[in-house]
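Shown below: upload.cif, with mmCIF, C-alpha atoms; chains and numbers go by the auth columns.
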data_target
loop_
_atom_site.group_PDB
_atom_site.id
_atom_site.type_symbol
_atom_site.label_atom_id
_atom_site.label_comp_id
_atom_site.label_asym_id
_atom_site.label_seq_id
_atom_site.Cartn_x
_atom_site.Cartn_y
_atom_site.Cartn_z
_atom_site.B_iso_or_equiv
_atom_site.auth_seq_id
_atom_site.auth_asym_id
ATOM 1 C CA MET A 1 0.000 0.000 0.000 0.00 1 A
ATOM 2 C CA LYS A 2 1.383 3.394 -0.980 0.00 2 A
ATOM 3 C CA GLY A 3 0.490 6.483 0.991 0.00 3 A
ATOM 4 C CA GLN A 4 0.046 10.082 -0.119 0.00 4 A
ATOM 5 C CA TRP A 5 0.347 13.539 1.393 0.00 5 A
ATOM 6 C CA ILE A 6 -2.955 15.303 1.961 0.00 6 A
ATOM 7 C CA ASN A 7 -4.102 18.365 3.900 0.00 7 A
ATOM 8 C CA ILE A 8 -6.820 18.125 6.499 0.00 8 A
ATOM 9 C CA TYR A 9 -7.930 21.256 8.324 0.00 9 A
ATOM 10 C CA SER A 10 -7.970 22.009 12.025 0.00 10 A
ATOM 11 C CA GLY A 11 -9.988 25.192 11.831 0.00 11 A
ATOM 12 C CA ASP A 12 -8.073 27.263 9.277 0.00 12 A
ATOM 13 C CA LEU A 13 -4.824 25.408 9.904 0.00 13 A
ATOM 14 C CA PRO A 14 -3.790 22.910 7.209 0.00 14 A
ATOM 15 C CA LEU A 15 -2.319 19.739 8.683 0.00 15 A
ATOM 16 C CA ARG A 16 0.004 18.033 6.222 0.00 16 A
ATOM 17 C CA SER A 17 -0.917 14.411 6.858 0.00 17 A
ATOM 18 C CA TRP A 18 -0.038 10.994 5.471 0.00 18 A
ATOM 19 C CA TRP A 19 -3.016 8.973 4.223 0.00 19 A
ATOM 20 C CA VAL A 20 -2.916 5.289 3.322 0.00 20 A
ATOM 21 C CA ASP A 21 -6.185 3.648 2.292 0.00 21 A
ATOM 22 C CA SER A 22 -6.465 -0.130 2.376 0.00 22 A
ATOM 23 C CA GLY A 23 -9.064 -0.122 -0.390 0.00 23 A
ATOM 24 C CA ASN A 24 -11.033 -2.911 1.304 0.00 24 A
ATOM 25 C CA GLU A 25 -13.861 -3.250 3.785 0.00 25 A
ATOM 26 C CA CYS A 26 -12.545 -2.977 7.320 0.00 26 A
ATOM 27 C CA GLU A 27 -13.765 -2.689 10.899 0.00 27 A
ATOM 28 C CA TYR A 28 -11.307 -0.051 12.082 0.00 28 A
ATOM 29 C CA ILE A 29 -9.678 3.024 10.666 0.00 29 A
ATOM 30 C CA SER A 30 -6.644 4.366 12.517 0.00 30 A
ATOM 31 C CA ILE A 31 -5.179 7.755 13.335 0.00 31 A
ATOM 32 C CA VAL A 32 -1.422 7.587 13.937 0.00 32 A
ATOM 33 C CA LEU A 33 0.329 10.184 16.104 0.00 33 A
ATOM 34 C CA PRO A 34 4.090 10.459 15.462 0.00 34 A
ATOM 35 C CA GLU A 35 7.168 10.643 17.620 0.00 35 A
ATOM 36 C CA VAL A 36 8.980 13.934 18.230 0.00 36 A
ATOM 37 C CA PHE A 37 10.607 13.293 14.830 0.00 37 A
ATOM 38 C CA GLY A 38 7.419 14.088 12.906 0.00 38 A
ATOM 39 C CA ILE A 39 5.822 12.165 10.059 0.00 39 A
ATOM 40 C CA ASN A 40 9.161 10.768 8.998 0.00 40 A
ATOM 41 C CA ASN A 41 10.143 7.754 6.943 0.00 41 A
ATOM 42 C CA TRP A 42 9.407 5.285 9.725 0.00 42 A
ATOM 43 C CA ILE A 43 5.951 6.653 10.523 0.00 43 A
ATOM 44 C CA ARG A 44 5.070 6.596 6.815 0.00 44 A
ATOM 45 C CA SER A 45 6.360 3.063 6.304 0.00 45 A
ATOM 46 C CA PHE A 46 4.669 1.801 9.483 0.00 46 A
ATOM 47 C CA SER A 47 1.394 3.351 8.282 0.00 47 A
ATOM 48 C CA GLU A 48 1.744 1.517 4.976 0.00 48 A
ATOM 49 C CA LYS A 49 2.475 -1.709 6.840 0.00 49 A
ATOM 50 C CA LEU A 50 -0.767 -1.296 8.792 0.00 50 A
ATOM 51 C CA ALA A 51 -2.737 -0.512 5.648 0.00 51 A
ATOM 52 C CA ALA A 52 -1.392 -3.682 4.050 0.00 52 A
ATOM 53 C CA GLN A 53 -3.213 -5.521 6.857 0.00 53 A
ATOM 54 C CA ASN A 54 -6.506 -3.880 5.878 0.00 54 A
ATOM 55 C CA LEU A 55 -6.269 -1.004 8.344 0.00 55 A
ATOM 56 C CA PRO A 56 -6.547 2.437 6.691 0.00 56 A
ATOM 57 C CA VAL A 57 -4.251 4.992 8.334 0.00 57 A
ATOM 58 C CA LEU A 58 -4.222 8.769 8.679 0.00 58 A
ATOM 59 C CA ALA A 59 -0.967 9.977 10.258 0.00 59 A
ATOM 60 C CA ILE A 60 -1.312 13.573 11.411 0.00 60 A
ATOM 61 C CA PRO A 61 1.359 16.058 12.545 0.00 61 A
ATOM 62 C CA LEU A 62 1.498 17.177 16.164 0.00 62 A
ATOM 63 C CA TYR A 63 3.577 20.272 15.380 0.00 63 A
ATOM 64 C CA GLY A 64 1.487 21.856 12.625 0.00 64 A
ATOM 65 C CA ARG A 65 1.746 25.319 14.148 0.00 65 A
ATOM 66 C CA THR A 66 5.531 25.496 14.504 0.00 66 A
ATOM 67 C CA ALA A 67 6.959 22.863 12.120 0.00 67 A
ATOM 68 C CA PRO A 68 4.230 21.678 9.719 0.00 68 A
ATOM 69 C CA ASN A 69 6.653 19.660 7.552 0.00 69 A
ATOM 70 C CA LEU A 70 8.777 18.178 10.337 0.00 70 A
ATOM 71 C CA ASP A 71 10.532 15.051 9.039 0.00 71 A
ATOM 72 C CA LEU A 72 13.571 14.101 11.122 0.00 72 A
ATOM 73 C CA GLY A 73 15.965 11.225 11.564 0.00 73 A
ATOM 74 C CA TYR A 74 17.195 9.841 14.873 0.00 74 A
ATOM 75 C CA SER A 75 20.407 11.753 15.540 0.00 75 A
ATOM 76 C CA GLU A 76 20.959 13.700 18.776 0.00 76 A
ATOM 77 C CA GLU A 77 20.587 16.931 16.808 0.00 77 A
ATOM 78 C CA ASP A 78 17.268 15.767 15.363 0.00 78 A
ATOM 79 C CA LEU A 79 16.077 14.714 18.813 0.00 79 A
ATOM 80 C CA LYS A 80 16.909 18.139 20.207 0.00 80 A
ATOM 81 C CA LEU A 81 14.967 19.868 17.419 0.00 81 A
ATOM 82 C CA GLY A 82 12.006 17.524 17.777 0.00 82 A
ATOM 83 C CA ARG A 83 11.843 18.075 21.513 0.00 83 A
ATOM 84 C CA TYR A 84 11.924 21.839 20.959 0.00 84 A
ATOM 85 C CA HIS A 85 8.741 21.639 18.883 0.00 85 A
ATOM 86 C CA LYS A 86 7.197 19.080 21.230 0.00 86 A
ATOM 87 C CA ASN A 87 7.598 21.540 24.091 0.00 87 A
ATOM 88 C CA LEU A 88 5.611 24.140 22.136 0.00 88 A
ATOM 89 C CA THR A 89 2.520 21.940 21.865 0.00 89 A
ATOM 90 C CA THR A 90 -0.564 22.452 24.005 0.00 90 A
ATOM 91 C CA LEU A 91 -3.196 19.992 25.159 0.00 91 A
ATOM 92 C CA LYS A 92 -5.808 22.236 23.552 0.00 92 A
ATOM 93 C CA ASN A 93 -4.106 22.026 20.154 0.00 93 A
ATOM 94 C CA ILE A 94 -3.694 18.238 20.424 0.00 94 A
ATOM 95 C CA ILE A 95 -7.417 17.905 21.104 0.00 95 A
ATOM 96 C CA GLU A 96 -8.296 20.258 18.247 0.00 96 A
ATOM 97 C CA ASP A 97 -6.074 18.499 15.703 0.00 97 A
ATOM 98 C CA VAL A 98 -7.117 14.956 16.621 0.00 98 A
ATOM 99 C CA SER A 99 -10.756 16.075 16.574 0.00 99 A
ATOM 100 C CA ALA A 100 -10.221 17.365 13.030 0.00 100 A
ATOM 101 C CA ALA A 101 -8.717 13.994 12.100 0.00 101 A
ATOM 102 C CA ILE A 102 -11.690 12.165 13.621 0.00 102 A
ATOM 103 C CA ASN A 103 -14.102 14.288 11.581 0.00 103 A
ATOM 104 C CA TRP A 104 -12.100 13.645 8.403 0.00 104 A
ATOM 105 C CA VAL A 105 -11.978 9.875 8.765 0.00 105 A
ATOM 106 C CA LYS A 106 -15.640 9.753 9.811 0.00 106 A
ATOM 107 C CA GLU A 107 -16.607 11.456 6.567 0.00 107 A
ATOM 108 C CA LYS A 108 -14.652 8.857 4.622 0.00 108 A
ATOM 109 C CA TYR A 109 -15.599 5.809 6.714 0.00 109 A
ATOM 110 C CA PRO A 110 -18.762 6.774 8.641 0.00 110 A
ATOM 111 C CA GLU A 111 -19.517 3.246 9.877 0.00 111 A
ATOM 112 C CA ASN A 112 -16.037 2.294 11.039 0.00 112 A
ATOM 113 C CA LYS A 113 -14.577 2.226 14.509 0.00 113 A
ATOM 114 C CA ILE A 114 -11.641 4.550 15.156 0.00 114 A
ATOM 115 C CA ALA A 115 -8.327 3.616 16.733 0.00 115 A
ATOM 116 C CA ILE A 116 -5.619 6.009 17.907 0.00 116 A
ATOM 117 C CA ILE A 117 -2.031 4.722 17.716 0.00 117 A
ATOM 118 C CA GLY A 118 0.734 6.898 19.116 0.00 118 A
ATOM 119 C CA PHE A 119 4.489 6.478 19.575 0.00 119 A
ATOM 120 C CA CYS A 120 6.840 8.368 21.901 0.00 120 A
ATOM 121 C CA PHE A 121 5.318 11.856 22.294 0.00 121 A
ATOM 122 C CA GLY A 122 2.563 10.552 20.028 0.00 122 A
ATOM 123 C CA GLY A 123 1.849 7.998 22.774 0.00 123 A
ATOM 124 C CA HIS A 124 1.509 10.873 25.242 0.00 124 A
ATOM 125 C CA ALA A 125 -0.855 12.599 22.806 0.00 125 A
ATOM 126 C CA ALA A 126 -2.757 9.347 22.218 0.00 126 A
ATOM 127 C CA LEU A 127 -3.613 9.128 25.908 0.00 127 A
ATOM 128 C CA ILE A 128 -4.937 12.678 25.753 0.00 128 A
ATOM 129 C CA ALA A 129 -6.894 11.915 22.577 0.00 129 A
ATOM 130 C CA SER A 130 -8.380 8.761 24.078 0.00 130 A
ATOM 131 C CA SER A 131 -10.630 11.026 26.151 0.00 131 A
ATOM 132 C CA LEU A 132 -12.447 12.186 23.010 0.00 132 A
ATOM 133 C CA LYS A 133 -15.820 10.807 22.006 0.00 133 A
ATOM 134 C CA GLY A 134 -15.713 8.515 19.010 0.00 134 A
ATOM 135 C CA ILE A 135 -12.420 6.793 19.894 0.00 135 A
ATOM 136 C CA ASP A 136 -13.007 3.056 20.260 0.00 136 A
ATOM 137 C CA ASN A 137 -9.468 1.858 20.937 0.00 137 A
ATOM 138 C CA SER A 138 -6.242 3.665 21.843 0.00 138 A
ATOM 139 C CA PHE A 139 -2.650 2.440 21.842 0.00 139 A
ATOM 140 C CA CYS A 140 -0.078 4.513 23.704 0.00 140 A
ATOM 141 C CA PHE A 141 3.368 3.161 22.856 0.00 141 A
ATOM 142 C CA TYR A 142 5.935 4.390 25.400 0.00 142 A
ATOM 143 C CA GLY A 143 4.157 7.694 25.952 0.00 143 A
ATOM 144 C CA ALA A 144 6.312 9.505 28.506 0.00 144 A
ATOM 145 C CA GLY A 145 5.229 12.270 30.846 0.00 145 A
ATOM 146 C CA VAL A 146 1.578 11.276 31.218 0.00 146 A
ATOM 147 C CA THR A 147 1.770 11.341 35.038 0.00 147 A
ATOM 148 C CA THR A 148 3.440 14.774 35.150 0.00 148 A
ATOM 149 C CA PRO A 149 1.410 18.007 35.076 0.00 149 A
ATOM 150 C CA ARG A 150 1.743 19.751 31.711 0.00 150 A
ATOM 151 C CA THR A 151 2.949 23.349 31.833 0.00 151 A
ATOM 152 C CA ASP A 152 0.023 24.540 29.697 0.00 152 A
ATOM 153 C CA THR A 153 -2.687 22.942 31.864 0.00 153 A
ATOM 154 C CA ASN A 154 -1.144 22.330 35.296 0.00 154 A
ATOM 155 C CA PHE A 155 -2.610 18.822 35.334 0.00 155 A
ATOM 156 C CA ALA A 156 -1.246 15.476 34.216 0.00 156 A
ATOM 157 C CA PRO A 157 -2.825 13.819 31.158 0.00 157 A
ATOM 158 C CA ILE A 158 -3.465 10.659 33.214 0.00 158 A
ATOM 159 C CA VAL A 159 -6.378 12.401 34.969 0.00 159 A
ATOM 160 C CA LEU A 160 -8.252 12.341 31.657 0.00 160 A
ATOM 161 C CA LEU A 161 -8.796 8.597 32.113 0.00 161 A
ATOM 162 C CA GLU A 162 -12.153 9.356 33.690 0.00 162 A
ATOM 163 C CA LYS A 163 -13.333 10.632 30.288 0.00 163 A
ATOM 164 C CA VAL A 164 -12.182 7.596 28.291 0.00 164 A
ATOM 165 C CA SER A 165 -15.123 5.586 26.979 0.00 165 A
ATOM 166 C CA GLY A 166 -13.291 3.119 24.721 0.00 166 A
ATOM 167 C CA ASN A 167 -10.457 0.678 25.265 0.00 167 A
ATOM 168 C CA LEU A 168 -7.008 1.981 26.180 0.00 168 A
ATOM 169 C CA ASN A 169 -3.695 0.141 25.929 0.00 169 A
ATOM 170 C CA PHE A 170 -0.458 1.500 27.383 0.00 170 A
ATOM 171 C CA ILE A 171 2.638 -0.336 26.154 0.00 171 A
ATOM 172 C CA CYS A 172 6.126 0.343 27.472 0.00 172 A
ATOM 173 C CA GLY A 173 9.423 -1.316 28.362 0.00 173 A
ATOM 174 C CA SER A 174 10.916 -1.901 31.789 0.00 174 A
ATOM 175 C CA ALA A 175 14.238 -0.373 30.652 0.00 175 A
ATOM 176 C CA ASP A 176 12.732 2.931 29.480 0.00 176 A
ATOM 177 C CA ASP A 177 14.387 5.754 31.436 0.00 177 A
ATOM 178 C CA LEU A 178 11.783 8.199 30.123 0.00 178 A
ATOM 179 C CA ILE A 179 9.070 6.234 31.929 0.00 179 A
ATOM 180 C CA PRO A 180 10.707 5.415 35.280 0.00 180 A
ATOM 181 C CA LEU A 181 9.325 2.886 37.730 0.00 181 A
ATOM 182 C CA LYS A 182 7.411 5.470 39.763 0.00 182 A
ATOM 183 C CA ASP A 183 5.590 6.604 36.605 0.00 183 A
ATOM 184 C CA ARG A 184 4.813 3.047 35.578 0.00 184 A
ATOM 185 C CA LEU A 185 3.405 2.280 39.024 0.00 185 A
ATOM 186 C CA GLU A 186 1.281 5.435 38.896 0.00 186 A
ATOM 187 C CA ILE A 187 -0.112 4.496 35.477 0.00 187 A
ATOM 188 C CA LYS A 188 -1.058 1.024 36.745 0.00 188 A
ATOM 189 C CA LYS A 189 -2.624 2.543 39.864 0.00 189 A
ATOM 190 C CA MET A 190 -4.729 4.980 37.830 0.00 190 A
ATOM 191 C CA PHE A 191 -5.779 2.267 35.383 0.00 191 A
ATOM 192 C CA LYS A 192 -7.044 0.211 38.315 0.00 192 A
ATOM 193 C CA LYS A 193 -8.827 3.223 39.793 0.00 193 A
ATOM 194 C CA PHE A 194 -10.833 3.968 36.648 0.00 194 A
ATOM 195 C CA ASP A 195 -11.175 0.387 35.407 0.00 195 A
ATOM 196 C CA PRO A 196 -11.171 -1.808 38.542 0.00 196 A
ATOM 197 C CA LEU A 197 -12.382 -4.908 36.674 0.00 197 A
ATOM 198 C CA ASP A 198 -9.724 -4.606 33.949 0.00 198 A
ATOM 199 C CA GLU A 199 -12.398 -4.527 31.263 0.00 199 A
ATOM 200 C CA ARG A 200 -11.165 -1.636 29.103 0.00 200 A
ATOM 201 C CA PHE A 201 -7.693 -0.529 30.210 0.00 201 A
ATOM 202 C CA SER A 202 -4.639 -2.665 29.550 0.00 202 A
ATOM 203 C CA TYR A 203 -1.105 -1.991 30.788 0.00 203 A
ATOM 204 C CA ILE A 204 1.608 -3.996 29.015 0.00 204 A
ATOM 205 C CA GLU A 205 5.175 -3.760 30.303 0.00 205 A
ATOM 206 C CA ILE A 206 7.815 -5.607 28.265 0.00 206 A
ATOM 207 C CA GLU A 207 10.790 -6.793 30.275 0.00 207 A
ATOM 208 C CA GLY A 208 14.086 -5.310 29.091 0.00 208 A
ATOM 209 C CA ALA A 209 12.615 -3.153 26.313 0.00 209 A
ATOM 210 C CA ASP A 210 13.819 0.438 25.987 0.00 210 A
ATOM 211 C CA HIS A 211 12.143 3.580 24.680 0.00 211 A
ATOM 212 C CA GLY A 212 11.432 3.416 20.936 0.00 212 A
ATOM 213 C CA PHE A 213 11.479 -0.375 20.728 0.00 213 A
ATOM 214 C CA MET A 214 8.933 -0.480 17.880 0.00 214 A
ATOM 215 C CA CYS A 215 11.087 1.505 15.437 0.00 215 A
ATOM 216 C CA GLU A 216 13.538 -0.403 13.245 0.00 216 A
ATOM 217 C CA GLU A 217 15.454 2.827 12.529 0.00 217 A
ATOM 218 C CA ARG A 218 16.383 3.465 16.175 0.00 218 A
ATOM 219 C CA GLU A 219 19.240 1.918 18.106 0.00 219 A
ATOM 220 C CA SER A 220 16.715 0.930 20.779 0.00 220 A
ATOM 221 C CA PHE A 221 14.729 -1.252 18.351 0.00 221 A
ATOM 222 C CA ASP A 222 13.879 -4.582 19.944 0.00 222 A
ATOM 223 C CA LYS A 223 12.660 -7.225 17.519 0.00 223 A
ATOM 224 C CA ALA A 224 10.954 -9.392 20.129 0.00 224 A
ATOM 225 C CA ALA A 225 9.313 -6.428 21.885 0.00 225 A
ATOM 226 C CA SER A 226 8.153 -4.910 18.586 0.00 226 A
ATOM 227 C CA LEU A 227 6.524 -8.207 17.668 0.00 227 A
ATOM 228 C CA ILE A 228 4.572 -8.116 20.934 0.00 228 A
ATOM 229 C CA GLY A 229 3.381 -4.606 20.067 0.00 229 A
ATOM 230 C CA TRP A 230 2.527 -5.539 16.484 0.00 230 A
ATOM 231 C CA ASN A 231 0.618 -8.647 17.554 0.00 231 A
ATOM 232 C CA LEU A 232 -1.385 -6.582 20.013 0.00 232 A
ATOM 233 C CA LEU A 233 -2.460 -4.237 17.221 0.00 233 A
ATOM 234 C CA MET A 234 -3.362 -7.150 14.955 0.00 234 A
ATOM 235 C CA LYS A 235 -5.368 -8.881 17.700 0.00 235 A
ATOM 236 C CA GLU A 236 -7.344 -5.772 18.582 0.00 236 A
ATOM 237 C CA LEU A 237 -7.882 -4.157 15.192 0.00 237 A
ATOM 238 C CA ILE A 238 -7.810 -6.716 12.398 0.00 238 A
ATOM 239 C CA ASN A 239 -10.762 -8.992 11.691 0.00 239 A
#
This structure in structure tokens:
Amino acid sequence: MKGQWINIYSGDLPLRSWWVDSGNECEYISIVLPEVFGINNWIRSFSEKLAAQNLPVLAIPLYGRTAPNLDLGYSEEDLKLGRYHKNLTTLKNIIEDVSAAINWVKEKYPENKIAIIGFCFGGHAALIASSLKGIDNSFCFYGAGVTTPRTDTNFAPIVLLEKVSGNLNFICGSADDLIPLKDRLEIKKMFKKFDPLDERFSYIEIEGADHGFMCEERESFDKAASLIGWNLLMKELIN
């Protein structure tokens, strides 16, 4: 499946997004939220990989106001630049942009369920977006900082769990310094608070996996851990 660049609109703001249609009947359509590196080669190729499994994908930028065409590699310099733009985001803008994406995919596939899949900072944003109506399943891959109050809101994204109506999966590694043990324990505690019967919220911690384990282009790629993550997506989203 080959993707294409399209513009969707968050208000008057064009969001340069990557769209890959499976061309077949499907149960889910997915919205992918990228790492701090933007809609780069890996996000585009991963989106095409999902679409090849009959899962249409719309990957949207999270930095459309400050770096609408952000497309970085994985060097220290790229990481520094990506984090600069990440720090300029607001919860309000994340909600606005994902809401625009929801409206766009609903027009195209009005009967389909919607999944949010986020990686790195996109995982952080995916937890925020999971609080929106119309999201049936969310996957937060190593989303750091969700237990820490954001500077633009003074509250931590994890408190939004009370608004989540669909399923929510948080996937991380035990060796991820960006999600230390105290954060992982807090996430598990909050999941249990808002879903005491473990019916909708799922916390998956992969022993020995580091931050970024899903991405083949990063030094932290972990083949076994990435297969666990991929199989989870296939189990939940593919008929």
*asked:* Here's the selection I'm unsure about, the PyMOL selection byres ((chain A and resi 48) around 12); applied to the file above, which residues does it give, as a ChimeraX atom specification?
replied: /A:1-4,18-22,30,32,41-47,49-59
Go through segment 124-178 of chain A residue by residue and, counting all atoms listed in the file, keep those with an atom at most 8 Å from segment 183-206 of chain A; for each kept residue give the shortest atom pair and its distance in Å to one decimal, ordered by chain and increasing number, as CSV.
residue,atom,partner,partner_atom,distance
A:Thr147,CA,A:Asp183,CA,6.3
A:Ile158,CA,A:Ile187,CA,7.4
A:Leu161,CA,A:Phe194,CA,6.8
A:Glu162,CA,A:Phe194,CA,6.3
A:Gly166,CA,A:Arg200,CA,6.8
A:Asn167,CA,A:Arg200,CA,4.5
A:Leu168,CA,A:Phe201,CA,4.8
A:Asn169,CA,A:Ser202,CA,4.7
A:Phe170,CA,A:Tyr203,CA,4.9
A:Ile171,CA,A:Ile204,CA,4.8
A:Cys172,CA,A:Glu205,CA,5.1
A:Gly173,CA,A:Ile206,CA,4.6
A:Ser174,CA,A:Ile206,CA,6.0
Go ahead and write the residues just picked, C-alpha atoms, as a compact mmCIF listing (two decimals), keeping the file's coordinate frame.
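Once written, out.txt looks like this:
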# COMPACT_ATOMS: atom_id res chain seq x y z
CA THR A 147 1.77 11.34 35.04
CA ILE A 158 -3.46 10.66 33.21
CA LEU A 161 -8.80 8.60 32.11
CA GLU A 162 -12.15 9.36 33.69
CA GLY A 166 -13.29 3.12 24.72
CA ASN A 167 -10.46 0.68 25.26
CA LEU A 168 -7.01 1.98 26.18
CA ASN A 169 -3.70 0.14 25.93
CA PHE A 170 -0.46 1.50 27.38
CA ILE A 171 2.64 -0.34 26.15
CA CYS A 172 6.13 0.34 27.47
CA GLY A 173 9.42 -1.32 28.36
CA SER A 174 10.92 -1.90 31.79
*To one decimal in Å, tell me the separation between atom CA of Asn87 of chain A and atom CA of Ile114 of chain A.*
27.2 Å
*Got a sec: who's within 8 Å of segment 221-231 of chain A, counting only C-alpha atoms, leaving out chain neighbours fewer than 4 positions off, as a list in words?*
Ile171, Ile206, Ala209, Asp210, Gly212, Phe213, Met214, Cys215, Glu216, Glu217 and Lys235 of chain A
*Quick one: residues within 10 Å of Gly38 of chain A, all atoms listed in the file counted, chain neighbours fewer than 6 positions away excluded, as a count of residues only?*
19
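With distances restricted to only C-alpha atoms, A:Tyr74 is the closest residue to Val36 of chain A from A:Tyr74, A:Tyr9, A:Tyr109, A:Phe139.
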*Å distance separating atom CA of Glu111 of chain A from atom CA of Ser130 of chain A, one decimal place*: 18.9 Å
